[in-house]
Each structure stands twice: as C-alpha cells, then as structure tokens.
$ cat final-v6.pdb   # PDB, C-alpha atoms
ATOM      1  CA  ALA Y 103       0.000   0.000   0.000
ATOM      2  CA  CYS Y 104       1.138   3.591  -0.512
ATOM      3  CA  ARG Y 105       0.480   7.078   0.802
ATOM      4  CA  LYS Y 106       0.038   9.709  -1.916
ATOM      5  CA  ASP Y 107       0.012  13.483  -2.130
ATOM      6  CA  LEU Y 108      -3.506  14.549  -3.126
ATOM      7  CA  ASN Y 109      -2.228  17.533  -5.123
ATOM      8  CA  ASN Y 110       0.043  15.809  -7.614
ATOM      9  CA  ASP Y 111      -0.690  12.121  -6.956
ATOM     10  CA  HIS Y 112       2.929  11.661  -5.931
ATOM     11  CA  VAL Y 113       3.759   8.659  -3.789
ATOM     12  CA  LYS Y 114       5.099  10.016  -0.489
ATOM     13  CA  GLU Y 115       5.456   6.810   1.465
ATOM     14  CA  MET Y 116       5.195   3.064   0.944
ATOM     15  CA  ILE Y 117       3.554   0.904   3.592
ATOM     16  CA  ASP Y 118       4.114  -2.828   3.700
ATOM     17  CA  VAL Y 119       0.888  -4.618   4.664
ATOM     18  CA  PRO Y 120       0.590  -8.422   5.038
ATOM     19  CA  ALA Y 121      -1.880 -10.186   2.773
ATOM     20  CA  VAL Y 122      -4.907 -11.253   4.814
ATOM     21  CA  SER Y 123      -6.586 -14.504   3.759
ATOM     22  CA  ILE Y 124     -10.076 -15.801   4.522
ATOM     23  CA  LEU Y 125      -9.224 -19.471   4.959
ATOM     24  CA  ASN Y 126     -12.704 -20.984   4.573
ATOM     25  CA  ALA Y 127     -13.759 -18.849   1.584
ATOM     26  CA  THR Y 128     -14.827 -20.628  -1.605
ATOM     27  CA  LYS Y 129     -15.430 -17.335  -3.439
ATOM     28  CA  PHE Y 130     -13.626 -14.163  -2.511
ATOM     29  CA  GLU Y 131     -13.388 -10.615  -3.826
ATOM     30  CA  THR Y 132     -12.361  -7.222  -2.482
ATOM     31  CA  VAL Y 133     -15.077  -4.558  -2.469
ATOM     32  CA  GLY Y 134     -13.636  -1.176  -3.423
ATOM     33  CA  ASN Y 135     -10.096  -0.104  -2.561
ATOM     34  CA  PRO Y 136      -8.417  -0.576   0.805
ATOM     35  CA  GLU Y 137      -8.125   2.588   2.874
ATOM     36  CA  ILE Y 138      -5.234   3.514   5.143
ATOM     37  CA  VAL Y 139      -5.651   6.306   7.702
ATOM     38  CA  MET Y 140      -2.912   7.759   9.902
ATOM     39  CA  ALA Y 141      -4.716   7.604  13.243
ATOM     40  CA  ASN Y 142      -1.790   9.005  15.247
ATOM     41  CA  GLU Y 143       1.110  10.868  13.604
ATOM     42  CA  HIS Y 144       3.260  10.803  16.720
ATOM     43  CA  ASP Y 145       3.105   7.046  17.281
ATOM     44  CA  ARG Y 146       2.758   6.225  13.574
ATOM     45  CA  LEU Y 147      -0.468   4.334  14.309
ATOM     46  CA  MET Y 148      -2.259   3.471  11.076
ATOM     47  CA  ARG Y 149      -5.647   1.901  10.518
ATOM     48  CA  TRP Y 150      -6.196  -0.386   7.539
ATOM     49  CA  THR Y 151      -9.810  -0.664   6.360
ATOM     50  CA  CYS Y 152     -10.965  -3.062   3.677
ATOM     51  CA  MET Y 153     -14.288  -4.649   2.715
ATOM     52  CA  TYR Y 154     -14.610  -8.196   1.392
ATOM     53  CA  ASN Y 155     -17.375 -10.189  -0.237
ATOM     54  CA  ALA Y 156     -16.926 -13.914   0.314
ATOM     55  CA  THR Y 157     -18.838 -17.200   0.227
ATOM     56  CA  LEU Y 158     -17.767 -19.269   3.232
ATOM     57  CA  PHE Y 159     -17.540 -23.050   3.573
ATOM     58  CA  GLN Y 160     -18.852 -24.120   6.992
ATOM     59  CA  GLY Y 161     -17.771 -27.766   7.031
ATOM     60  CA  ASP Y 162     -19.428 -31.076   7.867
ATOM     61  CA  HIS Y 163     -20.769 -29.814  11.217
ATOM     62  CA  PHE Y 164     -23.457 -27.846   9.361
ATOM     63  CA  ARG Y 165     -26.117 -30.596   9.430
ATOM     64  CA  VAL Y 166     -29.884 -30.106   9.249
ATOM     65  CA  ASP Y 167     -31.107 -33.276  10.999
ATOM     66  CA  GLN Y 168     -33.346 -31.182  13.271
ATOM     67  CA  PHE Y 169     -34.771 -28.903  10.560
ATOM     68  CA  PRO Y 170     -36.654 -26.613  11.111
ATOM     69  CA  HIS Y 171     -35.302 -26.419  14.675
ATOM     70  CA  ASP Y 172     -31.637 -26.694  13.759
ATOM     71  CA  GLN Y 173     -29.004 -24.385  15.198
ATOM     72  CA  HIS Y 174     -25.486 -23.842  13.938
ATOM     73  CA  THR Y 175     -22.286 -21.958  14.555
ATOM     74  CA  LEU Y 176     -21.138 -19.857  11.613
ATOM     75  CA  LYS Y 177     -17.363 -19.612  11.319
ATOM     76  CA  LEU Y 178     -15.111 -17.020   9.705
ATOM     77  CA  LYS Y 179     -11.431 -17.991   9.564
ATOM     78  CA  ILE Y 180      -8.924 -15.182   8.983
ATOM     79  CA  GLY Y 181      -5.168 -15.626   8.788
ATOM     80  CA  ILE Y 182      -1.900 -14.547   7.183
ATOM     81  CA  LEU Y 183      -0.258 -17.289   5.137
ATOM     82  CA  ALA Y 184       2.361 -15.565   2.968
ATOM     83  CA  ASP Y 185       5.943 -15.092   4.281
ATOM     84  CA  ARG Y 186       5.138 -16.439   7.746
ATOM     85  CA  GLY Y 187       8.040 -18.887   7.904
ATOM     86  CA  LYS Y 188      11.182 -18.358   9.954
ATOM     87  CA  GLY Y 189      13.153 -15.481   8.473
ATOM     88  CA  GLY Y 190      10.222 -14.426   6.281
ATOM     89  CA  ARG Y 191       8.929 -10.884   5.956
ATOM     90  CA  TRP Y 192       6.134 -11.632   8.411
ATOM     91  CA  ASP Y 193       7.943 -14.246  10.530
ATOM     92  CA  HIS Y 194       5.274 -15.605  12.894
ATOM     93  CA  TYR Y 195       7.894 -15.990  15.639
ATOM     94  CA  ILE Y 196       8.301 -12.204  15.588
ATOM     95  CA  TYR Y 197       4.905 -10.950  14.431
ATOM     96  CA  ARG Y 198       2.542 -13.010  16.513
ATOM     97  CA  LEU Y 199      -1.187 -12.573  15.837
ATOM     98  CA  ASP Y 200      -3.363 -11.472  18.732
ATOM     99  CA  LEU Y 201      -6.618  -9.624  19.376
ATOM    100  CA  ALA Y 202      -6.376  -5.833  19.418
ATOM    101  CA  GLN Y 203      -7.004  -4.163  22.762
ATOM    102  CA  SER Y 204      -8.147  -0.625  23.492
ATOM    103  CA  SER Y 205      -4.540   0.405  24.116
ATOM    104  CA  ASP Y 206      -3.539  -0.883  20.673
ATOM    105  CA  SER Y 207      -6.104   1.256  18.850
ATOM    106  CA  GLN Y 208      -5.357   4.302  21.073
ATOM    107  CA  GLY Y 209      -8.956   5.393  20.760
ATOM    108  CA  SER Y 210      -8.879   5.334  16.950
ATOM    109  CA  THR Y 211     -11.834   2.936  16.692
ATOM    110  CA  SER Y 212     -14.704   1.780  18.903
ATOM    111  CA  VAL Y 213     -15.260  -1.420  16.946
ATOM    112  CA  PRO Y 214     -14.247  -4.527  18.981
ATOM    113  CA  HIS Y 215     -11.141  -6.175  17.522
ATOM    114  CA  GLY Y 216     -11.468  -4.054  14.365
ATOM    115  CA  LEU Y 217     -14.260  -6.218  12.881
ATOM    116  CA  ILE Y 218     -17.528  -4.506  11.929
ATOM    117  CA  VAL Y 219     -20.441  -6.903  12.506
ATOM    118  CA  ASP Y 220     -23.391  -4.489  12.459
ATOM    119  CA  HIS Y 221     -24.305  -5.492   8.910
ATOM    120  CA  VAL Y 222     -24.185  -9.265   9.329
ATOM    121  CA  ARG Y 223     -27.189 -10.925   7.663
ATOM    122  CA  ALA Y 224     -28.226 -14.560   7.980
ATOM    123  CA  PRO Y 225     -31.518 -15.043   6.063
ATOM    124  CA  ASP Y 226     -34.041 -17.295   7.881
ATOM    125  CA  PHE Y 227     -31.847 -17.356  11.012
ATOM    126  CA  SER Y 228     -31.887 -15.463  14.323
ATOM    127  CA  PHE Y 229     -28.731 -14.401  16.095
ATOM    128  CA  ASP Y 230     -27.427 -11.969  18.700
ATOM    129  CA  PRO Y 231     -24.203 -10.053  17.864
ATOM    130  CA  ILE Y 232     -23.294 -10.258  21.554
ATOM    131  CA  ASP Y 233     -22.679 -13.995  21.053
ATOM    132  CA  LEU Y 234     -19.796 -13.337  18.635
ATOM    133  CA  GLY Y 235     -16.715 -15.294  19.675
ATOM    134  CA  PHE Y 236     -13.071 -14.558  18.848
ATOM    135  CA  GLU Y 237     -10.320 -17.106  19.356
ATOM    136  CA  PHE Y 238      -7.016 -18.060  17.807
ATOM    137  CA  VAL Y 239      -6.681 -21.606  16.498
ATOM    138  CA  PRO Y 240      -3.429 -23.340  15.442
ATOM    139  CA  LEU Y 241      -3.019 -23.877  11.708
ATOM    140  CA  MET Y 242      -3.047 -27.562  10.807
ATOM    141  CA  TYR Y 243      -0.705 -26.944   7.881
ATOM    142  CA  GLY Y 244       2.209 -24.681   7.062
ATOM    143  CA  VAL Y 245       5.357 -23.951   9.030
ATOM    144  CA  GLY Y 246       6.109 -25.451  12.434
ATOM    145  CA  SER Y 247       6.160 -29.068  13.500
ATOM    146  CA  SER Y 248       4.758 -28.826  17.048
ATOM    147  CA  ALA Y 249       1.618 -27.141  18.332
ATOM    148  CA  ARG Y 250       3.741 -24.490  20.025
ATOM    149  CA  GLU Y 251       5.567 -23.672  16.798
ATOM    150  CA  LYS Y 252       2.431 -23.646  14.675
ATOM    151  CA  ASP Y 253       1.143 -20.361  13.352
ATOM    152  CA  ARG Y 254      -2.369 -19.327  14.351
ATOM    153  CA  TYR Y 255      -5.410 -17.923  12.618
ATOM    154  CA  LEU Y 256      -8.359 -15.960  13.978
ATOM    155  CA  GLN Y 257     -11.648 -17.854  14.125
ATOM    156  CA  VAL Y 258     -14.772 -15.732  14.520
ATOM    157  CA  THR Y 259     -17.884 -17.689  15.534
ATOM    158  CA  LEU Y 260     -21.550 -16.685  15.617
ATOM    159  CA  PRO Y 261     -24.298 -19.041  16.909
ATOM    160  CA  VAL Y 262     -27.487 -18.875  14.819
ATOM    161  CA  VAL Y 263     -30.929 -20.468  15.206
ATOM    162  CA  ARG Y 264     -33.283 -21.090  12.301
ATOM    163  CA  GLU Y 265     -36.588 -19.203  12.186
ATOM    164  CA  SER Y 266     -39.274 -21.917  12.228
ATOM    165  CA  GLY Y 267     -42.435 -19.851  12.739
ATOM    166  CA  HIS Y 268     -43.925 -20.859   9.368
ATOM    167  CA  PHE Y 269     -43.753 -24.556  10.278
ATOM    168  CA  ASP Y 270     -44.568 -24.121  14.000
ATOM    169  CA  ARG Y 271     -47.675 -21.979  13.531
ATOM    170  CA  SER Y 272     -48.964 -22.876  10.065
ATOM    171  CA  ILE Y 273     -47.956 -26.328   8.791
ATOM    172  CA  ILE Y 274     -47.898 -28.498  11.938
ATOM    173  CA  PRO Y 275     -51.191 -27.207  13.485
ATOM    174  CA  ILE Y 276     -52.991 -27.915  10.198
ATOM    175  CA  LEU Y 277     -51.617 -31.479  10.099
ATOM    176  CA  ILE Y 278     -52.567 -32.102  13.739
ATOM    177  CA  VAL Y 279     -56.144 -30.827  13.231
ATOM    178  CA  LEU Y 280     -56.532 -32.953  10.085
ATOM    179  CA  ASN Y 281     -55.385 -35.988  12.089
ATOM    180  CA  ILE Y 282     -57.976 -35.262  14.802
ATOM    181  CA  ILE Y 283     -60.756 -34.931  12.213
ATOM    182  CA  ALA Y 284     -59.730 -38.248  10.664
ATOM    183  CA  ILE Y 285     -59.674 -39.929  14.096
ATOM    184  CA  SER Y 286     -63.168 -38.630  14.856
ATOM    185  CA  CYS Y 287     -64.444 -40.540  11.812
ATOM    186  CA  LEU Y 288     -63.786 -43.931  13.445
ATOM    187  CA  PRO Y 289     -66.745 -44.075  15.929
ATOM    188  CA  ARG Y 290     -69.196 -43.619  13.049
ATOM    189  CA  ASN Y 291     -72.549 -45.055  12.236
ATOM    190  CA  PHE Y 292     -72.299 -47.937   9.759
ATOM    191  CA  ASP Y 293     -74.907 -46.262   7.590
ATOM    192  CA  SER Y 294     -72.336 -43.516   6.943
ATOM    193  CA  ALA Y 295     -69.260 -45.734   6.979
ATOM    194  CA  THR Y 296     -68.499 -45.118   3.318
ATOM    195  CA  ALA Y 297     -68.678 -41.351   3.803
ATOM    196  CA  SER Y 298     -66.326 -41.584   6.816
ATOM    197  CA  THR Y 299     -63.780 -43.583   4.839
ATOM    198  CA  GLU Y 300     -64.017 -41.123   1.968
ATOM    199  CA  THR Y 301     -63.431 -38.271   4.442
ATOM    200  CA  MET Y 302     -60.298 -39.944   5.748
ATOM    201  CA  LEU Y 303     -59.043 -40.556   2.215
ATOM    202  CA  SER Y 304     -59.721 -36.913   1.346
ATOM    203  CA  ILE Y 305     -57.700 -35.833   4.390
ATOM    204  CA  ALA Y 306     -54.897 -38.163   3.292
ATOM    205  CA  PHE Y 307     -54.843 -36.521  -0.144
ATOM    206  CA  VAL Y 308     -54.813 -33.060   1.471
ATOM    207  CA  GLN Y 309     -51.797 -34.077   3.565
ATOM    208  CA  VAL Y 310     -50.052 -35.417   0.459
ATOM    209  CA  GLY Y 311     -50.585 -32.012  -1.171
ATOM    210  CA  ILE Y 312     -49.192 -30.273   1.914
ATOM    211  CA  ARG Y 313     -46.193 -32.606   1.856
ATOM    212  CA  LEU Y 314     -45.447 -31.859  -1.793
ATOM    213  CA  THR Y 315     -45.504 -28.138  -0.976
ATOM    214  CA  VAL Y 316     -43.363 -28.528   2.153
ATOM    215  CA  ASP Y 317     -40.834 -30.784   0.399
ATOM    216  CA  SER Y 318     -39.987 -27.946  -1.977
ATOM    217  CA  ARG Y 319     -38.828 -25.900   1.033
ATOM    218  CA  LEU Y 320     -36.827 -28.624   2.752
ATOM    219  CA  PRO Y 321     -33.028 -28.870   2.500
ATOM    220  CA  SER Y 322     -31.807 -31.294  -0.172
ATOM    221  CA  VAL Y 323     -29.746 -33.826   1.801
ATOM    222  CA  GLY Y 324     -29.190 -37.577   1.689
ATOM    223  CA  TYR Y 325     -30.376 -38.250   5.262
ATOM    224  CA  GLN Y 326     -33.833 -37.914   6.811
ATOM    225  CA  ILE Y 327     -34.616 -34.692   8.643
ATOM    226  CA  LYS Y 328     -37.107 -34.153  11.463
ATOM    227  CA  MET Y 329     -39.766 -32.469   9.328
ATOM    228  CA  GLN Y 330     -39.785 -35.482   6.994
ATOM    229  CA  ARG Y 331     -40.172 -37.833   9.981
ATOM    230  CA  VAL Y 332     -43.196 -35.838  11.189
ATOM    231  CA  LEU Y 333     -44.794 -35.938   7.738
ATOM    232  CA  ASN Y 334     -44.175 -39.699   7.573
ATOM    233  CA  HIS Y 335     -45.819 -40.209  10.986
ATOM    234  CA  CYS Y 336     -48.909 -38.300   9.819
ATOM    235  CA  PHE Y 337     -49.090 -40.441   6.683
ATOM    236  CA  TRP Y 338     -48.758 -43.715   8.612
ATOM    237  CA  LEU Y 339     -51.441 -42.587  11.076
ATOM    238  CA  LEU Y 340     -53.951 -41.867   8.302
ATOM    239  CA  SER Y 341     -53.072 -45.133   6.575
ATOM    240  CA  PHE Y 342     -53.765 -46.996   9.825
ATOM    241  CA  LEU Y 343     -57.133 -45.255  10.238
ATOM    242  CA  VAL Y 344     -58.268 -46.094   6.709
ATOM    243  CA  LEU Y 345     -57.159 -49.740   6.979
ATOM    244  CA  GLU Y 346     -58.825 -50.137  10.400
ATOM    245  CA  SER Y 347     -62.079 -48.632   9.135
ATOM    246  CA  ASN Y 348     -62.187 -50.851   6.039
ATOM    247  CA  THR Y 349     -61.294 -53.952   8.051
ATOM    248  CA  ILE Y 350     -64.085 -53.355  10.596
ATOM    249  CA  PHE Y 351     -66.557 -52.669   7.809
ATOM    250  CA  PHE Y 352     -65.595 -55.964   6.147
ATOM    251  CA  LEU Y 353     -65.871 -57.949   9.397
ATOM    252  CA  VAL Y 354     -69.339 -56.570  10.174
ATOM    253  CA  MET Y 355     -70.831 -56.653   6.702
ATOM    254  CA  LYS Y 356     -69.201 -59.833   5.366
ATOM    255  CA  ARG Y 357     -68.462 -61.882   8.483
ATOM    256  CA  ASP Y 358     -71.405 -60.784  10.646
ATOM    257  CA  TRP Y 359     -69.295 -59.677  13.606
ATOM    258  CA  ASP Y 360     -71.162 -58.132  16.525
ATOM    259  CA  ARG Y 361     -71.366 -54.355  16.131
ATOM    260  CA  ASP Y 362     -70.963 -53.660  19.848
ATOM    261  CA  PHE Y 363     -67.700 -55.597  19.816
ATOM    262  CA  THR Y 364     -66.388 -53.791  16.720
ATOM    263  CA  ASP Y 365     -67.411 -50.457  18.265
ATOM    264  CA  ASN Y 366     -65.055 -51.226  21.140
ATOM    265  CA  ILE Y 367     -62.331 -51.937  18.598
ATOM    266  CA  ASP Y 368     -63.032 -48.567  16.955
ATOM    267  CA  PHE Y 369     -62.841 -46.731  20.273
ATOM    268  CA  GLY Y 370     -59.593 -48.514  21.117
ATOM    269  CA  ALA Y 371     -58.135 -47.622  17.724
ATOM    270  CA  ALA Y 372     -59.255 -44.007  18.143
ATOM    271  CA  PHE Y 373     -57.623 -43.833  21.594
ATOM    272  CA  PHE Y 374     -54.391 -45.253  20.171
ATOM    273  CA  ALA Y 375     -54.552 -42.763  17.284
ATOM    274  CA  PHE Y 376     -54.960 -39.822  19.707
ATOM    275  CA  LEU Y 377     -51.909 -41.003  21.638
ATOM    276  CA  TYR Y 378     -49.960 -41.305  18.389
ATOM    277  CA  ASN Y 379     -51.066 -37.805  17.411
ATOM    278  CA  LEU Y 380     -49.810 -36.549  20.786
ATOM    279  CA  TYR Y 381     -46.520 -38.351  20.130
ATOM    280  CA  ILE Y 382     -46.183 -36.476  16.817
ATOM    281  CA  ILE Y 383     -46.711 -33.159  18.626
ATOM    282  CA  ILE Y 384     -44.103 -34.033  21.246
ATOM    283  CA  ILE Y 385     -41.366 -35.121  18.831
ATOM    284  CA  TYR Y 386     -41.831 -31.928  16.831
ATOM    285  CA  TYR Y 387     -42.183 -29.206  19.461
ATOM    286  CA  SER Y 388     -39.773 -30.718  21.992
ATOM    287  CA  GLY Y 389     -36.924 -29.946  19.581
ATOM    288  CA  ILE Y 390     -37.361 -26.154  19.659
ATOM    289  CA  PRO Y 391     -33.991 -24.754  20.846
ATOM    290  CA  ALA Y 392     -34.114 -23.012  24.221
ATOM    291  CA  THR Y 393     -31.851 -20.295  22.813
ATOM    292  CA  LYS Y 394     -34.628 -19.206  20.412
ATOM    293  CA  ASN Y 395     -36.572 -17.664  23.306
ATOM    294  CA  LYS Y 396     -33.556 -15.538  24.222
ATOM    295  CA  LEU Y 397     -33.358 -14.077  20.725
ATOM    296  CA  LYS Y 398     -36.985 -12.909  20.641
TER     297      LYS Y 398
END
$ encode --input "final-v6.pdb" --output "structure tokens"
Amino acid sequence: ACRKDLNNDHVKEMIDVPAVSILNATKFETVGNPEIVMANEHDRLMRWTCMYNATLFQGDHFRVDQFPHDQHTLKLKIGILADRGKGGRWDHYIYRLDLAQSSDSQGSTSVPHGLIVDHVRAPDFSFDPIDLGFEFVPLMYGVGSSAREKDRYLQVTLPVVRESGHFDRSIIPILIVLNIIAISCLPRNFDSATASTETMLSIAFVQVGIRLTVDSRLPSVGYQIKMQRVLNHCFWLLSFLVLESNTIFFLVMKRDWDRDFTDNIDFGAAFFAFLYNLYIIIIYYSGIPATKNKLK
C-alpha cells in the first residue's frame, strides 16, 4: 500500500501490509479499494480498512437433521499465510497474531477487535451479535512441527438459530387438526361408513398435497430430517385409520361380527390414534432450541 500526495498524486510513502486470507472462503473478492488512515502521527499508528465479499464453507458440522429447529455456529477464519516462515517478511515468531485491545487502537476505533459486525445478515436465522466469539486456532498446515511452533489464525464464531415460525404456527397445526378430524371418523354409524372412509381418504390426499408443498422448502440432503419424519408419521397414522375402518366394515358386513364388539375396537383404535397424534406433537415441538426464546 502507498500514501500519496492529493495535489500531484505523488507517492510520499510506501507501507508494507501483510496479505490477509479468509481461509474458509470458496469465493472471494475485495469490495472497493483498501483505505489507510494515519490515526496518530506521533506514534505512527495506522488503521487499515478493507471490505470483502466472500462465500464461506462451513464444514461437515453444518447438518440439518433437526430442521426446522436446527441451530449452527457460523465460522469465519482469517489468517496470514504468505511469508510467515522463519526469516520471512512476516515471521510468525516475531509478528505473533493477537486480538487488538483498546490500548492498541489508542482510541482510533470503537469497533471490537477491528471487525464490523453491524451489517451481518443470515436469512431465515436469528442471532445476537453479543454472542460473537473470537479465538485463535493453530493452523493444521504450514510452518512449524509442534503445536507451540504452529502459526495461528483468527476464528470468529456466531451461533445462529433457524426461524421456524412458518412450520410451528402454520404447517404443523394444520396437520394435527386434520389428524384429529380423521380420528373422529372412526366411531361412526355404519350407515355412513363409506362417507367416513371417503373423508379420511380426502384428508390423506390433502396431507399429500401439503407434503409436496413442504418438500420444496426442505433442504436437499441424503439423510432424513425431522420435518420429513413428522410428515411420515402423519401419513402412517392416516393409513392406519383407513385400513382399520375398512377392516371393521368388512368384518361386520361380510363376516357378521357383533357391532358392539367392533365399536369397542373402533374406540380402542381411536384412543391409540390420539396417543400417536400426541406423540407427533411431542417429537416436533420438543426440539425447539431453548436459545430461540432468548433471541426474541
């Protein structure tokens, strides 16, 4: 970097600045030109300001098994890789990386550690900037053979929690109510048995339509996520209700079973179905992260 005279564009002073790398970036570009400001002429304190636009790789820990109640830790890894070996321009034995303190900035900036985080955006996620973490982690490659000799990089972490209000308040309540309506069709009068079965089948088709819509919003992964498990449970419950209803109808109409006895079977099946519906509610809502309440 260089310091120029604004009148004649003459270079007055050259400043050697180490190249900063974002280690987990898959795409990286500099936004605008870096800016250097002499914060203190007496102590020669300079402030380097630069904006970057990067796509970050988060690693295998970023799993969505608990979608839509998953929570993650976003990571930004910043380091200096060039000329960090022994005897190099930025020898890491001499120029050791550390977090800036208030005495280092000498009042030139109020931003913690020199990183501006006010404009962080994580679509569909909630987070609190207070939870930002800063720590130095040893490099697993490069110069140095032991952990003590290894160079370090800065790892900035931010815990985030997915916003699940659309599923919590719209999708799941509709599925639960549809299940209850289907269960209420079991203790029916045999004169309307066909209509009850048709109602349950209609509810099953409605849930299939809801599933097709929801599937388009689910993450594309090779393993099963929680939302898919809930949808599967709803499907199996409706399938059980339809099969039970048709079986009882067959036993009464074709095998002359006693209706009072089959009514008891219907009530038992309905009770089991209500318990299963409660189980679906529990496995879904019990996974809501406790940290989500803190962010609201």
$ atom_distance --input "final-v6.pdb" --atom1 "atom CA of Y:Asp226" --atom2 "atom CA of Y:Asn155"
19.9 Å
$ closest_residue --input "final-v6.pdb" --among "Y:Ile182, Y:Cys336, Y:Val263, Y:Tyr325" --to "Y:Tyr197" --atoms "only C-alpha atoms"
Y:Ile182
$ residues_around --input "final-v6.pdb" --residues "stretch 166-172 of chain Y" --least-positions-apart "2" --cutoff "8 Å" --atoms "only C-alpha atoms" --output "list of chain:residue names"
Y:Phe164, Y:His174, Y:Val263, Y:Arg264, Y:Glu265, Y:Ser266, Y:Phe269, Y:Pro321, Y:Tyr325, Y:Gln326, Y:Ile327, Y:Lys328, Y:Met329, Y:Gly389, Y:Ile390, Y:Pro391
$ closest_residue --input "final-v6.pdb" --among "Y:Ala375, Y:Val332, Y:Ala127, Y:Ala297" --to "Y:Gln309" --atoms "all atoms listed in the file"
Y:Val332
$ atom_distance --input "final-v6.pdb" --atom1 "atom CA of Y:Cys287" --atom2 "atom CA of Y:Ile384"
23.3 Å
$ resolve_selection --input "final-v6.pdb" --expression "the PyMOL selection byres ((chain Y and resi 184) around 12)" --output "ChimeraX atom specification"
/Y:119-123,181-183,185-188,190-194,244-245,253
$ write_last_selection --input "final-v6.pdb" --atoms "C-alpha atoms" --output "PDB file, keeping the file's coordinate frame"
ATOM      1  CA  VAL Y 119       0.888  -4.618   4.664  1.00  0.00           C
ATOM      2  CA  PRO Y 120       0.590  -8.422   5.038  1.00  0.00           C
ATOM      3  CA  ALA Y 121      -1.880 -10.186   2.773  1.00  0.00           C
ATOM      4  CA  VAL Y 122      -4.907 -11.253   4.814  1.00  0.00           C
ATOM      5  CA  SER Y 123      -6.586 -14.504   3.759  1.00  0.00           C
ATOM      6  CA  GLY Y 181      -5.168 -15.626   8.788  1.00  0.00           C
ATOM      7  CA  ILE Y 182      -1.900 -14.547   7.183  1.00  0.00           C
ATOM      8  CA  LEU Y 183      -0.258 -17.289   5.137  1.00  0.00           C
ATOM      9  CA  ASP Y 185       5.943 -15.092   4.281  1.00  0.00           C
ATOM     10  CA  ARG Y 186       5.138 -16.439   7.746  1.00  0.00           C
ATOM     11  CA  GLY Y 187       8.040 -18.887   7.904  1.00  0.00           C
ATOM     12  CA  LYS Y 188      11.182 -18.358   9.954  1.00  0.00           C
ATOM     13  CA  GLY Y 190      10.222 -14.426   6.281  1.00  0.00           C
ATOM     14  CA  ARG Y 191       8.929 -10.884   5.956  1.00  0.00           C
ATOM     15  CA  TRP Y 192       6.134 -11.632   8.411  1.00  0.00           C
ATOM     16  CA  ASP Y 193       7.943 -14.246  10.530  1.00  0.00           C
ATOM     17  CA  HIS Y 194       5.274 -15.605  12.894  1.00  0.00           C
ATOM     18  CA  GLY Y 244       2.209 -24.681   7.062  1.00  0.00           C
ATOM     19  CA  VAL Y 245       5.357 -23.951   9.030  1.00  0.00           C
ATOM     20  CA  ASP Y 253       1.143 -20.361  13.352  1.00  0.00           C
TER      21      ASP Y 253
END
$ atom_distance --input "final-v6.pdb" --atom1 "atom CA of Y:Ile273" --atom2 "atom CA of Y:Ile312"
8.0 Å
$ residues_near_point --input "final-v6.pdb" --point "(-12.4, -5.9, 1.7)" --cutoff "6 Å" --atoms "all atoms listed in the file" --output "PyMOL selection string"
chain Y and resi 132-133+152-154
$ closest_residue --input "final-v6.pdb" --among "Y:Phe374, Y:Phe363, Y:Leu340, Y:Gly161" --to "Y:Leu280" --atoms "all atoms listed in the file"
Y:Leu340
$ residues_around --input "final-v6.pdb" --residues "Y:Ile278" --least-positions-apart "2" --cutoff "12 Å" --atoms "all atoms listed in the file" --output "VMD selection string"
chain Y and resid 270 to 276 280 to 285 305 309 332 to 333 335 to 337 339 to 340 375 to 384 386
$ axis_aligned_box --input "final-v6.pdb" --around "stretch 332-342 of chain Y" --padding-each-side "8 Å" --output "lines of an AutoDock Vina configuration file"
center_x = -48.6
center_y = -41.4
center_z = 8.9
size_x = 26.8
size_y = 27.2
size_z = 20.6
$ closest_residue --input "final-v6.pdb" --among "Y:Met148, Y:Leu260, Y:Ala202, Y:Leu125" --to "Y:Lys177" --atoms "only C-alpha atoms"
Y:Leu260
$ closest_residue --input "final-v6.pdb" --among "Y:Leu288, Y:Leu345, Y:Ile124, Y:Met302" --to "Y:Leu256" --atoms "all atoms listed in the file"
Y:Ile124
$ resolve_selection --input "final-v6.pdb" --expression "the PyMOL selection byres ((chain Y and resi 138) around 6)" --output "PyMOL selection string"
chain Y and resi 137+139+149-150
$ residues_around --input "final-v6.pdb" --residues "Y:Ala156" --least-positions-apart "2" --cutoff "8 Å" --atoms "only C-alpha atoms" --output "list in words"
Ala127, Thr128, Lys129, Phe130, Glu131, Tyr154 and Leu158 of chain Y
$ resolve_selection --input "final-v6.pdb" --expression "the PyMOL selection byres ((chain Y and resi 299) around 12)" --output "PyMOL selection string"
chain Y and resi 283-298+300-306+340-351
$ write_last_selection --input "final-v6.pdb" --atoms "C-alpha atoms" --output "mmCIF file, in the coordinates of the input"
data_model
loop_
_atom_site.group_PDB
_atom_site.id
_atom_site.type_symbol
_atom_site.label_atom_id
_atom_site.label_comp_id
_atom_site.auth_asym_id
_atom_site.auth_seq_id
_atom_site.Cartn_x
_atom_site.Cartn_y
_atom_site.Cartn_z
ATOM 1 C CA ILE Y 283 -60.756 -34.931 12.213
ATOM 2 C CA ALA Y 284 -59.730 -38.248 10.664
ATOM 3 C CA ILE Y 285 -59.674 -39.929 14.096
ATOM 4 C CA SER Y 286 -63.168 -38.630 14.856
ATOM 5 C CA CYS Y 287 -64.444 -40.540 11.812
ATOM 6 C CA LEU Y 288 -63.786 -43.931 13.445
ATOM 7 C CA PRO Y 289 -66.745 -44.075 15.929
ATOM 8 C CA ARG Y 290 -69.196 -43.619 13.049
ATOM 9 C CA ASN Y 291 -72.549 -45.055 12.236
ATOM 10 C CA PHE Y 292 -72.299 -47.937 9.759
ATOM 11 C CA ASP Y 293 -74.907 -46.262 7.590
ATOM 12 C CA SER Y 294 -72.336 -43.516 6.943
ATOM 13 C CA ALA Y 295 -69.260 -45.734 6.979
ATOM 14 C CA THR Y 296 -68.499 -45.118 3.318
ATOM 15 C CA ALA Y 297 -68.678 -41.351 3.803
ATOM 16 C CA SER Y 298 -66.326 -41.584 6.816
ATOM 17 C CA GLU Y 300 -64.017 -41.123 1.968
ATOM 18 C CA THR Y 301 -63.431 -38.271 4.442
ATOM 19 C CA MET Y 302 -60.298 -39.944 5.748
ATOM 20 C CA LEU Y 303 -59.043 -40.556 2.215
ATOM 21 C CA SER Y 304 -59.721 -36.913 1.346
ATOM 22 C CA ILE Y 305 -57.700 -35.833 4.390
ATOM 23 C CA ALA Y 306 -54.897 -38.163 3.292
ATOM 24 C CA LEU Y 340 -53.951 -41.867 8.302
ATOM 25 C CA SER Y 341 -53.072 -45.133 6.575
ATOM 26 C CA PHE Y 342 -53.765 -46.996 9.825
ATOM 27 C CA LEU Y 343 -57.133 -45.255 10.238
ATOM 28 C CA VAL Y 344 -58.268 -46.094 6.709
ATOM 29 C CA LEU Y 345 -57.159 -49.740 6.979
ATOM 30 C CA GLU Y 346 -58.825 -50.137 10.400
ATOM 31 C CA SER Y 347 -62.079 -48.632 9.135
ATOM 32 C CA ASN Y 348 -62.187 -50.851 6.039
ATOM 33 C CA THR Y 349 -61.294 -53.952 8.051
ATOM 34 C CA ILE Y 350 -64.085 -53.355 10.596
ATOM 35 C CA PHE Y 351 -66.557 -52.669 7.809
#
